[in-house]
file structure-v7.cif (mmCIF, C-alpha atoms)
data_entry
loop_
_atom_site.group_PDB
_atom_site.id
_atom_site.type_symbol
_atom_site.label_atom_id
_atom_site.label_comp_id
_atom_site.auth_asym_id
_atom_site.auth_seq_id
_atom_site.Cartn_x
_atom_site.Cartn_y
_atom_site.Cartn_z
ATOM 1 C CA MET A 1 3.457 -25.435 53.559
ATOM 2 C CA ALA A 2 5.769 -28.432 53.761
ATOM 3 C CA ASN A 3 4.979 -29.355 50.179
ATOM 4 C CA GLU A 4 5.597 -25.754 49.002
ATOM 5 C CA SER A 5 8.877 -25.606 50.920
ATOM 6 C CA MET A 6 10.005 -28.890 49.411
ATOM 7 C CA ALA A 7 9.063 -27.669 45.902
ATOM 8 C CA ASP A 8 10.960 -24.440 46.462
ATOM 9 C CA TYR A 9 13.943 -26.368 47.704
ATOM 10 C CA GLU A 10 13.907 -28.665 44.671
ATOM 11 C CA ALA A 11 13.714 -25.651 42.334
ATOM 12 C CA GLU A 12 16.661 -24.010 44.045
ATOM 13 C CA LEU A 13 18.602 -27.261 43.954
ATOM 14 C CA THR A 14 17.889 -27.665 40.233
ATOM 15 C CA SER A 15 18.935 -24.092 39.477
ATOM 16 C CA SER A 16 22.164 -24.545 41.402
ATOM 17 C CA PHE A 17 23.180 -27.313 39.000
ATOM 18 C CA ARG A 18 21.951 -25.485 35.927
ATOM 19 C CA VAL A 19 24.547 -24.342 33.442
ATOM 20 C CA ILE A 20 23.872 -21.233 31.311
ATOM 21 C CA LYS A 21 25.900 -20.834 28.142
ATOM 22 C CA GLU A 22 26.700 -17.830 25.980
ATOM 23 C CA GLY A 23 24.389 -17.564 22.980
ATOM 24 C CA GLU A 24 21.615 -19.410 24.795
ATOM 25 C CA ARG A 25 18.073 -18.100 24.578
ATOM 26 C CA ILE A 26 16.755 -17.755 28.100
ATOM 27 C CA LYS A 27 13.498 -16.649 29.688
ATOM 28 C CA GLY A 28 13.176 -14.529 32.812
ATOM 29 C CA MET A 29 10.824 -12.239 34.704
ATOM 30 C CA ILE A 30 11.512 -8.512 34.997
ATOM 31 C CA VAL A 31 12.139 -7.544 38.624
ATOM 32 C CA ASP A 32 13.640 -4.077 38.172
ATOM 33 C CA ILE A 33 13.788 -1.319 35.540
ATOM 34 C CA ASN A 34 15.977 1.771 35.725
ATOM 35 C CA ASP A 35 17.637 4.224 33.368
ATOM 36 C CA ASP A 36 20.695 2.008 32.861
ATOM 37 C CA GLU A 37 19.442 -1.564 32.752
ATOM 38 C CA VAL A 38 16.655 -4.080 33.217
ATOM 39 C CA THR A 39 17.083 -6.882 35.752
ATOM 40 C CA LEU A 40 15.555 -10.347 35.313
ATOM 41 C CA ASP A 41 14.940 -13.206 37.693
ATOM 42 C CA LEU A 42 16.210 -16.187 35.706
ATOM 43 C CA GLY A 43 15.480 -18.835 38.354
ATOM 44 C CA TYR A 44 19.243 -19.078 38.568
ATOM 45 C CA TYR A 45 21.752 -18.339 41.293
ATOM 46 C CA ALA A 46 22.686 -15.138 39.446
ATOM 47 C CA PRO A 47 20.296 -12.472 38.131
ATOM 48 C CA GLY A 48 20.140 -11.500 34.467
ATOM 49 C CA VAL A 49 20.879 -7.939 33.435
ATOM 50 C CA ILE A 50 20.032 -6.280 30.125
ATOM 51 C CA PRO A 51 22.039 -3.085 29.511
ATOM 52 C CA LEU A 52 20.179 -0.170 27.948
ATOM 53 C CA SER A 53 22.146 -0.626 24.699
ATOM 54 C CA GLU A 54 20.897 -4.206 24.417
ATOM 55 C CA LEU A 55 17.196 -3.451 24.749
ATOM 56 C CA SER A 56 16.344 -2.226 21.242
ATOM 57 C CA ASP A 57 17.706 -0.346 18.231
ATOM 58 C CA ASP A 58 14.368 1.381 17.764
ATOM 59 C CA PRO A 59 14.761 5.060 18.796
ATOM 60 C CA ASP A 60 11.118 5.074 19.905
ATOM 61 C CA PHE A 61 11.645 2.230 22.382
ATOM 62 C CA SER A 62 11.488 3.164 26.072
ATOM 63 C CA ALA A 63 12.158 0.610 28.807
ATOM 64 C CA MET A 64 10.114 2.620 31.309
ATOM 65 C CA ARG A 65 7.157 2.807 28.918
ATOM 66 C CA ASP A 66 7.329 -0.436 26.971
ATOM 67 C CA LEU A 67 8.321 -2.837 29.749
ATOM 68 C CA LYS A 68 6.940 -3.400 33.213
ATOM 69 C CA ILE A 69 7.920 -5.336 36.301
ATOM 70 C CA GLY A 70 6.426 -8.813 36.225
ATOM 71 C CA ASP A 71 6.697 -9.154 32.435
ATOM 72 C CA SER A 72 8.194 -12.393 31.158
ATOM 73 C CA VAL A 73 10.737 -11.841 28.379
ATOM 74 C CA GLU A 74 13.244 -13.869 26.400
ATOM 75 C CA ALA A 75 16.825 -12.736 25.903
ATOM 76 C CA ILE A 76 20.115 -14.028 24.523
ATOM 77 C CA VAL A 77 23.025 -14.668 26.896
ATOM 78 C CA LEU A 78 25.976 -12.428 26.019
ATOM 79 C CA GLN A 79 28.173 -13.219 29.040
ATOM 80 C CA THR A 80 27.674 -15.628 31.920
ATOM 81 C CA ASP A 81 29.414 -13.108 34.175
ATOM 82 C CA ASP A 82 29.522 -9.386 33.474
ATOM 83 C CA GLY A 83 32.145 -8.815 36.162
ATOM 84 C CA ARG A 84 29.531 -7.968 38.765
ATOM 85 C CA GLY A 85 28.224 -11.497 39.186
ATOM 86 C CA ASN A 86 25.311 -10.970 36.749
ATOM 87 C CA VAL A 87 24.403 -12.807 33.554
ATOM 88 C CA GLU A 88 24.562 -10.205 30.793
ATOM 89 C CA LEU A 89 21.706 -10.498 28.328
ATOM 90 C CA SER A 90 20.482 -8.959 25.080
ATOM 91 C CA LEU A 91 16.787 -8.427 24.512
ATOM 92 C CA LYS A 92 17.248 -6.965 21.038
ATOM 93 C CA GLU A 93 19.130 -10.024 19.756
ATOM 94 C CA ALA A 94 16.381 -12.334 20.949
ATOM 95 C CA ASN A 95 13.717 -10.057 19.506
ATOM 96 C CA GLU A 96 15.597 -9.822 16.231
ATOM 97 C CA ILE A 97 15.514 -13.577 15.732
ATOM 98 C CA SER A 98 11.743 -13.771 16.168
ATOM 99 C CA ALA A 99 11.254 -10.416 14.415
ATOM 100 C CA TRP A 100 12.642 -11.631 11.077
ATOM 101 C CA GLU A 101 10.343 -14.649 11.250
ATOM 102 C CA HIS A 102 7.362 -12.390 11.930
ATOM 103 C CA LEU A 103 8.386 -9.947 9.198
ATOM 104 C CA LYS A 104 8.409 -12.799 6.679
ATOM 105 C CA GLU A 105 4.859 -13.637 7.727
ATOM 106 C CA LEU A 106 3.815 -9.995 7.304
ATOM 107 C CA GLU A 107 5.266 -10.006 3.788
ATOM 108 C CA GLU A 108 3.576 -13.270 2.802
ATOM 109 C CA GLN A 109 0.208 -12.196 4.228
ATOM 110 C CA GLU A 110 0.494 -8.665 2.753
ATOM 111 C CA THR A 111 -0.362 -7.231 6.155
ATOM 112 C CA VAL A 112 -0.755 -3.463 6.473
ATOM 113 C CA VAL A 113 1.420 -2.038 9.265
ATOM 114 C CA THR A 114 1.797 1.448 10.728
ATOM 115 C CA VAL A 115 5.277 2.909 11.185
ATOM 116 C CA ARG A 116 6.675 6.299 12.099
ATOM 117 C CA ILE A 117 9.270 7.893 9.821
ATOM 118 C CA LYS A 118 12.432 8.531 11.847
ATOM 119 C CA GLU A 119 14.830 10.054 9.347
ATOM 120 C CA SER A 120 15.368 10.992 5.735
ATOM 121 C CA VAL A 121 18.223 9.289 3.888
ATOM 122 C CA ASN A 122 19.438 9.141 0.325
ATOM 123 C CA ALA A 123 16.510 8.220 -1.976
ATOM 124 C CA GLY A 124 14.087 7.471 0.831
ATOM 125 C CA VAL A 125 13.295 7.383 4.539
ATOM 126 C CA VAL A 126 13.920 5.119 7.529
ATOM 127 C CA ALA A 127 11.376 3.672 9.958
ATOM 128 C CA TYR A 128 11.458 0.796 12.450
ATOM 129 C CA LEU A 129 9.267 -2.301 12.393
ATOM 130 C CA GLU A 130 9.536 -5.048 15.016
ATOM 131 C CA GLY A 131 12.657 -3.223 16.186
ATOM 132 C CA ILE A 132 14.283 -3.687 12.777
ATOM 133 C CA ARG A 133 15.485 -0.770 10.684
ATOM 134 C CA ALA A 134 13.297 -0.500 7.585
ATOM 135 C CA PHE A 135 13.830 1.486 4.391
ATOM 136 C CA ILE A 136 11.024 3.081 2.379
ATOM 137 C CA PRO A 137 12.220 4.282 -1.058
ATOM 138 C CA ALA A 138 11.049 7.725 -2.184
ATOM 139 C CA SER A 139 9.231 5.972 -5.026
ATOM 140 C CA GLN A 140 7.222 3.957 -2.477
ATOM 141 C CA LEU A 141 6.208 6.772 -0.102
ATOM 142 C CA ALA A 142 3.251 8.007 -2.136
ATOM 143 C CA LEU A 143 1.418 7.304 -5.378
ATOM 144 C CA THR A 144 3.967 9.502 -7.141
ATOM 145 C CA TYR A 145 7.696 9.961 -6.527
ATOM 146 C CA VAL A 146 8.437 12.105 -3.454
ATOM 147 C CA GLU A 147 11.173 14.662 -4.057
ATOM 148 C CA ASP A 148 11.348 16.146 -0.541
ATOM 149 C CA THR A 149 11.405 13.211 1.878
ATOM 150 C CA ASP A 150 12.193 15.509 4.816
ATOM 151 C CA GLU A 151 8.500 16.396 4.916
ATOM 152 C CA TYR A 152 7.716 12.877 6.101
ATOM 153 C CA ILE A 153 9.975 12.866 9.182
ATOM 154 C CA GLY A 154 7.885 12.263 12.288
ATOM 155 C CA LYS A 155 4.802 11.236 10.323
ATOM 156 C CA GLN A 156 3.046 7.890 10.633
ATOM 157 C CA VAL A 157 2.363 5.984 7.435
ATOM 158 C CA GLU A 158 0.631 2.733 6.608
ATOM 159 C CA ALA A 159 2.770 0.369 4.608
ATOM 160 C CA LYS A 160 3.289 -3.197 3.468
ATOM 161 C CA VAL A 161 6.441 -5.272 3.767
ATOM 162 C CA ILE A 162 7.790 -5.897 0.271
ATOM 163 C CA THR A 163 11.332 -7.191 0.929
ATOM 164 C CA VAL A 164 12.619 -9.315 3.821
ATOM 165 C CA ASP A 165 16.244 -10.452 3.601
ATOM 166 C CA GLU A 166 17.559 -11.507 7.010
ATOM 167 C CA SER A 167 21.005 -12.503 5.719
ATOM 168 C CA ALA A 168 21.535 -9.020 4.281
ATOM 169 C CA LYS A 169 19.645 -7.342 7.162
ATOM 170 C CA LYS A 170 17.452 -5.737 4.519
ATOM 171 C CA LEU A 171 13.862 -4.737 5.210
ATOM 172 C CA VAL A 172 11.935 -2.651 2.659
ATOM 173 C CA LEU A 173 8.430 -1.254 3.065
ATOM 174 C CA SER A 174 5.967 0.344 0.651
ATOM 175 C CA ALA A 175 3.327 2.925 1.537
ATOM 176 C CA LYS A 176 2.457 3.179 -2.155
ATOM 177 C CA ALA A 177 1.182 -0.409 -2.149
ATOM 178 C CA VAL A 178 -1.374 0.490 0.519
ATOM 179 C CA LEU A 179 -2.384 3.726 -1.212
ATOM 180 C CA LYS A 180 -2.881 1.936 -4.542
ATOM 181 C CA GLU A 181 -5.030 -0.669 -2.828
ATOM 182 C CA ARG A 182 -7.153 2.022 -1.174
ATOM 183 C CA GLU A 183 -7.436 3.875 -4.471
ATOM 184 C CA ALA A 184 -8.597 0.680 -6.179
ATOM 185 C CA GLU A 185 -11.191 0.171 -3.424
ATOM 186 C CA ASN A 186 -12.469 3.710 -3.929
ATOM 187 C CA ASP A 187 -12.605 3.191 -7.689
ATOM 188 C CA ARG A 188 -14.595 -0.007 -7.254
ATOM 189 C CA ALA A 189 -17.030 1.813 -4.986
ATOM 190 C CA LYS A 190 -17.391 4.629 -7.534
ATOM 191 C CA MET A 191 -17.903 2.145 -10.352
ATOM 192 C CA ALA A 192 -20.654 0.437 -8.394
ATOM 193 C CA MET A 193 -22.505 3.763 -8.316
ATOM 194 C CA ILE A 194 -22.305 4.373 -12.071
ATOM 195 C CA VAL A 195 -25.485 3.750 -14.032
ATOM 196 C CA PRO A 196 -25.128 3.036 -17.771
ATOM 197 C CA GLY A 197 -26.580 5.954 -19.666
ATOM 198 C CA SER A 198 -25.189 8.525 -17.235
ATOM 199 C CA ILE A 199 -23.464 11.535 -18.742
ATOM 200 C CA PHE A 200 -20.249 13.001 -17.290
ATOM 201 C CA GLU A 201 -17.961 15.895 -17.989
ATOM 202 C CA GLY A 202 -14.491 14.660 -18.812
ATOM 203 C CA THR A 203 -10.980 15.411 -20.028
ATOM 204 C CA VAL A 204 -9.125 13.531 -22.737
ATOM 205 C CA GLU A 205 -6.156 11.863 -21.025
ATOM 206 C CA SER A 206 -4.544 10.101 -23.960
ATOM 207 C CA LEU A 207 -5.154 9.128 -27.557
ATOM 208 C CA MET A 208 -4.548 5.670 -28.957
ATOM 209 C CA PRO A 209 -5.084 4.288 -32.469
ATOM 210 C CA TYR A 210 -8.166 2.438 -31.224
ATOM 211 C CA GLY A 211 -9.731 5.249 -29.209
ATOM 212 C CA ALA A 212 -9.389 7.858 -26.470
ATOM 213 C CA PHE A 213 -9.045 7.518 -22.707
ATOM 214 C CA VAL A 214 -11.154 10.104 -20.907
ATOM 215 C CA GLN A 215 -10.995 10.926 -17.214
ATOM 216 C CA MET A 216 -14.461 11.714 -15.962
ATOM 217 C CA ASP A 217 -15.170 14.319 -13.299
ATOM 218 C CA ASN A 218 -15.610 11.538 -10.709
ATOM 219 C CA GLY A 219 -11.930 10.671 -11.110
ATOM 220 C CA LEU A 220 -12.449 7.450 -13.049
ATOM 221 C CA THR A 221 -11.072 6.864 -16.529
ATOM 222 C CA GLY A 222 -12.911 5.131 -19.339
ATOM 223 C CA LEU A 223 -12.299 4.291 -22.970
ATOM 224 C CA VAL A 224 -14.109 5.879 -25.870
ATOM 225 C CA HIS A 225 -13.661 3.464 -28.752
ATOM 226 C CA ILE A 226 -12.847 5.143 -32.072
ATOM 227 C CA SER A 227 -16.276 4.108 -33.387
ATOM 228 C CA LYS A 228 -17.902 6.064 -30.542
ATOM 229 C CA ILE A 229 -16.014 9.326 -30.957
ATOM 230 C CA SER A 230 -17.715 10.941 -33.934
ATOM 231 C CA MET A 231 -20.759 10.498 -36.127
ATOM 232 C CA LYS A 232 -18.516 10.761 -39.148
ATOM 233 C CA ARG A 233 -15.904 8.199 -40.028
ATOM 234 C CA ILE A 234 -12.440 8.990 -38.743
ATOM 235 C CA LYS A 235 -9.178 7.167 -39.241
ATOM 236 C CA LYS A 236 -7.678 8.226 -35.941
ATOM 237 C CA PRO A 237 -8.966 9.962 -32.775
ATOM 238 C CA SER A 238 -6.612 12.926 -33.202
ATOM 239 C CA GLU A 239 -8.684 14.075 -36.187
ATOM 240 C CA VAL A 240 -11.342 15.389 -33.801
ATOM 241 C CA LEU A 241 -9.803 15.168 -30.303
ATOM 242 C CA SER A 242 -6.681 16.396 -28.521
ATOM 243 C CA VAL A 243 -5.163 15.597 -25.124
ATOM 244 C CA GLY A 244 -6.545 17.949 -22.477
ATOM 245 C CA GLN A 245 -9.724 18.647 -24.413
ATOM 246 C CA LYS A 246 -12.926 18.887 -22.383
ATOM 247 C CA VAL A 247 -15.664 16.563 -23.573
ATOM 248 C CA ARG A 248 -18.957 15.126 -22.417
ATOM 249 C CA VAL A 249 -19.271 11.361 -22.369
ATOM 250 C CA LYS A 250 -22.033 8.839 -21.939
ATOM 251 C CA VAL A 251 -21.466 5.617 -20.003
ATOM 252 C CA LEU A 252 -22.245 2.611 -22.196
ATOM 253 C CA GLU A 253 -21.079 -0.220 -19.950
ATOM 254 C CA VAL A 254 -19.180 -0.955 -16.734
ATOM 255 C CA LYS A 255 -17.714 -4.433 -16.785
ATOM 256 C CA ASP A 256 -14.705 -6.220 -15.296
ATOM 257 C CA GLY A 257 -13.362 -2.970 -13.869
ATOM 258 C CA LYS A 258 -13.494 -1.211 -17.232
ATOM 259 C CA ILE A 259 -15.716 1.640 -18.330
ATOM 260 C CA SER A 260 -16.908 1.933 -21.920
ATOM 261 C CA LEU A 261 -17.822 5.482 -22.957
ATOM 262 C CA SER A 262 -19.258 7.290 -25.942
ATOM 263 C CA ILE A 263 -18.933 10.882 -27.071
ATOM 264 C CA LYS A 264 -21.146 10.718 -30.122
ATOM 265 C CA ASP A 265 -24.092 9.407 -28.100
ATOM 266 C CA VAL A 266 -24.251 12.557 -26.012
ATOM 267 C CA GLU A 267 -26.999 14.409 -27.846
ATOM 268 C CA THR A 268 -26.282 17.803 -26.277
ATOM 269 C CA ASN A 269 -22.709 18.034 -27.550
ATOM 270 C CA THR A 270 -22.720 16.125 -30.835
ATOM 271 C CA SER A 271 -22.871 19.396 -32.748
ATOM 272 C CA ASP A 272 -19.550 20.396 -31.237
ATOM 273 C CA ILE A 273 -17.668 17.457 -32.701
ATOM 274 C CA VAL A 274 -19.819 16.233 -35.554
ATOM 275 C CA THR A 275 -20.226 17.550 -39.071
ATOM 276 C CA ASP A 276 -22.133 15.921 -41.911
ATOM 277 C CA VAL A 277 -24.287 13.855 -39.586
ATOM 278 C CA ILE A 278 -26.134 12.354 -42.531
ATOM 279 C CA GLU A 279 -23.429 10.926 -44.720
ATOM 280 C CA GLU A 280 -24.298 7.455 -45.864
ATOM 281 C CA PHE A 281 -27.718 7.945 -47.343
ATOM 282 C CA ASP A 282 -29.086 9.287 -50.635
ATOM 283 C CA TYR A 283 -32.576 10.433 -49.819
ATOM 284 C CA LYS A 284 -35.111 10.642 -52.669
ATOM 285 C CA SER A 285 -38.595 11.914 -52.051
ATOM 286 C CA GLU A 286 -40.134 9.280 -54.316
ATOM 287 C CA GLU A 287 -38.717 6.529 -52.139
ATOM 288 C CA ILE A 288 -40.599 7.814 -49.107
ATOM 289 C CA PRO A 289 -43.780 9.266 -50.515
ATOM 290 C CA ASN A 290 -45.697 8.988 -47.278
ATOM 291 C CA ASN A 291 -43.017 10.748 -45.277
ATOM 292 C CA PRO A 292 -43.697 14.494 -44.843
ATOM 293 C CA PHE A 293 -39.967 15.072 -44.563
ATOM 294 C CA GLY A 294 -39.338 13.464 -47.917
ATOM 295 C CA ALA A 295 -39.755 16.694 -49.810
ATOM 296 C CA LEU A 296 -37.242 18.387 -47.607
ATOM 297 C CA LEU A 297 -34.669 15.671 -48.206
ATOM 298 C CA ALA A 298 -35.290 15.347 -51.904
ATOM 299 C CA GLY A 299 -32.357 16.268 -54.046
ATOM 300 C CA ILE A 300 -29.778 15.683 -51.322
ATOM 301 C CA HIS A 301 -27.146 13.367 -52.756
ATOM 302 C CA LEU A 302 -24.213 12.472 -50.462
ATOM 303 C CA ASP A 303 -21.186 10.384 -51.310
ATOM 304 C CA GLU A 304 -21.163 6.954 -49.739
#

call {"tool": "encode", "arguments": {"input": "structure-v7.cif", "output": "structure tokens"}}
result
Amino acid sequence: MANESMADYEAELTSSFRVIKEGERIKGMIVDINDDEVTLDLGYYAPGVIPLSELSDDPDFSAMRDLKIGDSVEAIVLQTDDGRGNVELSLKEANEISAWEHLKELEEQETVVTVRIKESVNAGVVAYLEGIRAFIPASQLALTYVEDTDEYIGKQVEAKVITVDESAKKLVLSAKAVLKEREAENDRAKMAMIVPGSIFEGTVESLMPYGAFVQMDNGLTGLVHISKISMKRIKKPSEVLSVGQKVRVKVLEVKDGKISLSIKDVETNTSDIVTDVIEEFDYKSEEIPNNPFGALLAGIHLDE
């Protein structure tokens, strides 16, 4: 007991000579929480008090819910005497300093975070992350541009930190980045299930000089090279295809995240897009005397 009493006495003596300065970061233990303020034991002759306005800028923050007596917290000294003999502190200023450091880490590590949309503003919405006001542009709320951002108020979204600028107090998030990543994961899983030789229904998405992009009914898009569109020679895909046209395609290869397709190799629908299947041969019955089909082909002369 004597040792404990001496230790207590030395601690009190040390605290009596301690000088707290404005702007100092100080640690204390919460000893009281009410609707107006949070009181800390600073190990100092005067208690520390954090006014409600200095707890957090996050509208979702609640002292009664998010803090508890006995918690150890760090705060910034605003005044050494608030007029009532207390040291006035700011929790949000202390949190803000460490928050920007943490936000930079989240950006660098591309960490997925969950935030709740608090309000709709011009060209986007506002949420709070680490107590810091964050902006999500309408172009980054979904995979496509969101016209009515009011629909997102109150909703939780997963997002990534894409801009952290402490000097400008600018924090920007993107939900689209997460959605694109999830979409890519789903596409990879779908691709892993595709077996070359499989036949799919599809829709022509776009036409290029070198071929046609077709979206299959599993949601994936593949390329039909111009040489795989028709049995007859064509100079451009638009000669036999149009955007929006329904086609059947055969999977030739899945490699490096790309799908190679063929229309002409689908036996059941070649008649729909192919004319003059036999175009490069001049069959003569005498050349294939042992072939029973020679007689049928005799006399057919096609231009090469």

call {"tool": "closest_residue", "arguments": {"input": "structure-v7.cif", "among": "A:Asn122, A:Tyr44, A:Val204, A:Ser262", "to": "Asp148 of chain A", "atoms": "all atoms listed in the file"}}
result
A:Asn122

call {"tool": "closest_residue", "arguments": {"input": "structure-v7.cif", "among": "A:Glu88, A:Leu106, A:Ser72, A:Pro209", "to": "Ile234 of chain A", "atoms": "all atoms listed in the file"}}
result
A:Pro209

call {"tool": "axis_aligned_box", "arguments": {"input": "structure-v7.cif", "around": "segment 166-173 of chain A", "padding_each_side": "6 Å", "output": "lines of an AutoDock Vina configuration file"}}
result
center_x = 15.0
center_y = -6.9
center_z = 4.9
size_x = 25.1
size_y = 23.2
size_z = 16.5

call {"tool": "resolve_selection", "arguments": {"input": "structure-v7.cif", "expression": "the PyMOL selection byres ((chain A and resi 54-58) around 7)", "output": "PDB file with C-alpha atoms, in the frame of the given file"}}
result
ATOM      1  CA  ILE A  50      20.032  -6.280  30.125  1.00  0.00           C
ATOM      2  CA  PRO A  51      22.039  -3.085  29.511  1.00  0.00           C
ATOM      3  CA  LEU A  52      20.179  -0.170  27.948  1.00  0.00           C
ATOM      4  CA  SER A  53      22.146  -0.626  24.699  1.00  0.00           C
ATOM      5  CA  PRO A  59      14.761   5.060  18.796  1.00  0.00           C
ATOM      6  CA  ASP A  60      11.118   5.074  19.905  1.00  0.00           C
ATOM      7  CA  PHE A  61      11.645   2.230  22.382  1.00  0.00           C
ATOM      8  CA  SER A  90      20.482  -8.959  25.080  1.00  0.00           C
ATOM      9  CA  LEU A  91      16.787  -8.427  24.512  1.00  0.00           C
ATOM     10  CA  LYS A  92      17.248  -6.965  21.038  1.00  0.00           C
ATOM     11  CA  TYR A 128      11.458   0.796  12.450  1.00  0.00           C
ATOM     12  CA  GLY A 131      12.657  -3.223  16.186  1.00  0.00           C
TER      13      GLY A 131
END

call {"tool": "closest_residue", "arguments": {"input": "structure-v7.cif", "among": "A:Glu101, A:Asp32, A:Glu166, A:Glu93", "to": "Gly70 of chain A", "atoms": "only C-alpha atoms"}}
result
A:Asp32

call {"tool": "atom_distance", "arguments": {"input": "structure-v7.cif", "atom1": "atom CA of Val19 of chain A", "atom2": "atom CA of Asp82 of chain A"}}
result
15.8 Å

call {"tool": "resolve_selection", "arguments": {"input": "structure-v7.cif", "expression": "the PyMOL selection byres ((chain A and resi 97) around 12)", "output": "list of chain:residue names"}}
result
A:Arg25, A:Glu74, A:Ala75, A:Ile76, A:Ser90, A:Leu91, A:Lys92, A:Glu93, A:Ala94, A:Asn95, A:Glu96, A:Ser98, A:Ala99, A:Trp100, A:Glu101, A:His102, A:Leu103, A:Lys104, A:Glu130, A:Gly131, A:Ile132, A:Glu166, A:Ser167, A:Lys169

call {"tool": "closest_residue", "arguments": {"input": "structure-v7.cif", "among": "A:Leu261, A:Met191, A:Val214, A:Val125", "to": "Val172 of chain A", "atoms": "all atoms listed in the file"}}
result
A:Val125

call {"tool": "atom_distance", "arguments": {"input": "structure-v7.cif", "atom1": "atom CA of His225 of chain A", "atom2": "atom CA of Pro237 of chain A"}}
result
9.0 Å

call {"tool": "resolve_selection", "arguments": {"input": "structure-v7.cif", "expression": "the PyMOL selection byres ((chain A and resi 246) around 10)", "output": "VMD selection string"}}
result
chain A and resid 201 to 205 214 to 216 241 to 245 247 to 249

call {"tool": "closest_residue", "arguments": {"input": "structure-v7.cif", "among": "A:Glu185, A:Glu110, A:Asp81, A:Glu37", "to": "Lys160 of chain A", "atoms": "all atoms listed in the file"}}
result
A:Glu110

call {"tool": "atom_distance", "arguments": {"input": "structure-v7.cif", "atom1": "atom CA of Ser139 of chain A", "atom2": "atom CA of Ala123 of chain A"}}
result
8.2 Å

call {"tool": "closest_residue", "arguments": {"input": "structure-v7.cif", "among": "A:Ile162, A:Val112, A:Ile194, A:Val126", "to": "Thr149 of chain A", "atoms": "only C-alpha atoms"}}
result
A:Val126

call {"tool": "residues_around", "arguments": {"input": "structure-v7.cif", "residues": "Leu171 of chain A", "least_positions_apart": "5", "cutoff": "6 Å", "atoms": "all atoms listed in the file", "output": "ChimeraX atom specification"}}
result
/A:134,163-164

call {"tool": "decode", "arguments": {"input": "structure-v7.cif", "residues": "segment 35-49 of chain A", "atoms": "N, CA and C atoms", "output": "PDB file, in the first residue's frame"}}
result
ATOM      1  N   ASP A  35     -25.317  14.596 -23.083  1.00  0.00           N
ATOM      2  CA  ASP A  35     -25.804  15.142 -24.358  1.00  0.00           C
ATOM      3  C   ASP A  35     -25.041  16.372 -24.821  1.00  0.00           C
ATOM      4  N   ASP A  36     -24.277  16.997 -23.923  1.00  0.00           N
ATOM      5  CA  ASP A  36     -23.590  18.243 -24.276  1.00  0.00           C
ATOM      6  C   ASP A  36     -22.091  18.092 -24.476  1.00  0.00           C
ATOM      7  N   GLU A  37     -21.487  17.129 -23.751  1.00  0.00           N
ATOM      8  CA  GLU A  37     -20.035  17.027 -23.811  1.00  0.00           C
ATOM      9  C   GLU A  37     -19.539  15.680 -23.296  1.00  0.00           C
ATOM     10  N   VAL A  38     -18.265  15.443 -23.564  1.00  0.00           N
ATOM     11  CA  VAL A  38     -17.591  14.237 -23.062  1.00  0.00           C
ATOM     12  C   VAL A  38     -16.435  14.698 -22.188  1.00  0.00           C
ATOM     13  N   THR A  39     -16.342  14.134 -20.993  1.00  0.00           N
ATOM     14  CA  THR A  39     -15.299  14.533 -20.042  1.00  0.00           C
ATOM     15  C   THR A  39     -14.204  13.476 -19.972  1.00  0.00           C
ATOM     16  N   LEU A  40     -12.944  13.958 -19.989  1.00  0.00           N
ATOM     17  CA  LEU A  40     -11.784  13.062 -19.937  1.00  0.00           C
ATOM     18  C   LEU A  40     -10.961  13.308 -18.687  1.00  0.00           C
ATOM     19  N   ASP A  41     -10.406  12.228 -18.160  1.00  0.00           N
ATOM     20  CA  ASP A  41      -9.388  12.327 -17.118  1.00  0.00           C
ATOM     21  C   ASP A  41      -8.049  12.393 -17.836  1.00  0.00           C
ATOM     22  N   LEU A  42      -7.374  13.521 -17.739  1.00  0.00           N
ATOM     23  CA  LEU A  42      -6.123  13.739 -18.457  1.00  0.00           C
ATOM     24  C   LEU A  42      -4.900  13.435 -17.599  1.00  0.00           C
ATOM     25  N   GLY A  43      -5.116  13.020 -16.330  1.00  0.00           N
ATOM     26  CA  GLY A  43      -3.982  12.870 -15.421  1.00  0.00           C
ATOM     27  C   GLY A  43      -3.376  14.225 -15.133  1.00  0.00           C
ATOM     28  N   TYR A  44      -4.240  15.215 -15.085  1.00  0.00           N
ATOM     29  CA  TYR A  44      -3.852  16.616 -14.948  1.00  0.00           C
ATOM     30  C   TYR A  44      -4.728  17.216 -13.856  1.00  0.00           C
ATOM     31  N   TYR A  45      -4.332  18.362 -13.346  1.00  0.00           N
ATOM     32  CA  TYR A  45      -5.116  18.948 -12.260  1.00  0.00           C
ATOM     33  C   TYR A  45      -6.501  19.398 -12.716  1.00  0.00           C
ATOM     34  N   ALA A  46      -6.649  19.564 -14.054  1.00  0.00           N
ATOM     35  CA  ALA A  46      -7.949  19.967 -14.597  1.00  0.00           C
ATOM     36  C   ALA A  46      -8.446  18.885 -15.557  1.00  0.00           C
ATOM     37  N   PRO A  47      -9.741  18.632 -15.572  1.00  0.00           N
ATOM     38  CA  PRO A  47     -10.290  17.640 -16.509  1.00  0.00           C
ATOM     39  C   PRO A  47     -10.331  18.200 -17.928  1.00  0.00           C
ATOM     40  N   GLY A  48     -10.423  17.293 -18.902  1.00  0.00           N
ATOM     41  CA  GLY A  48     -10.584  17.700 -20.291  1.00  0.00           C
ATOM     42  C   GLY A  48     -12.033  17.546 -20.698  1.00  0.00           C
ATOM     43  N   VAL A  49     -12.519  18.503 -21.471  1.00  0.00           N
ATOM     44  CA  VAL A  49     -13.914  18.471 -21.905  1.00  0.00           C
ATOM     45  C   VAL A  49     -13.979  18.632 -23.425  1.00  0.00           C
TER      46      VAL A  49
END
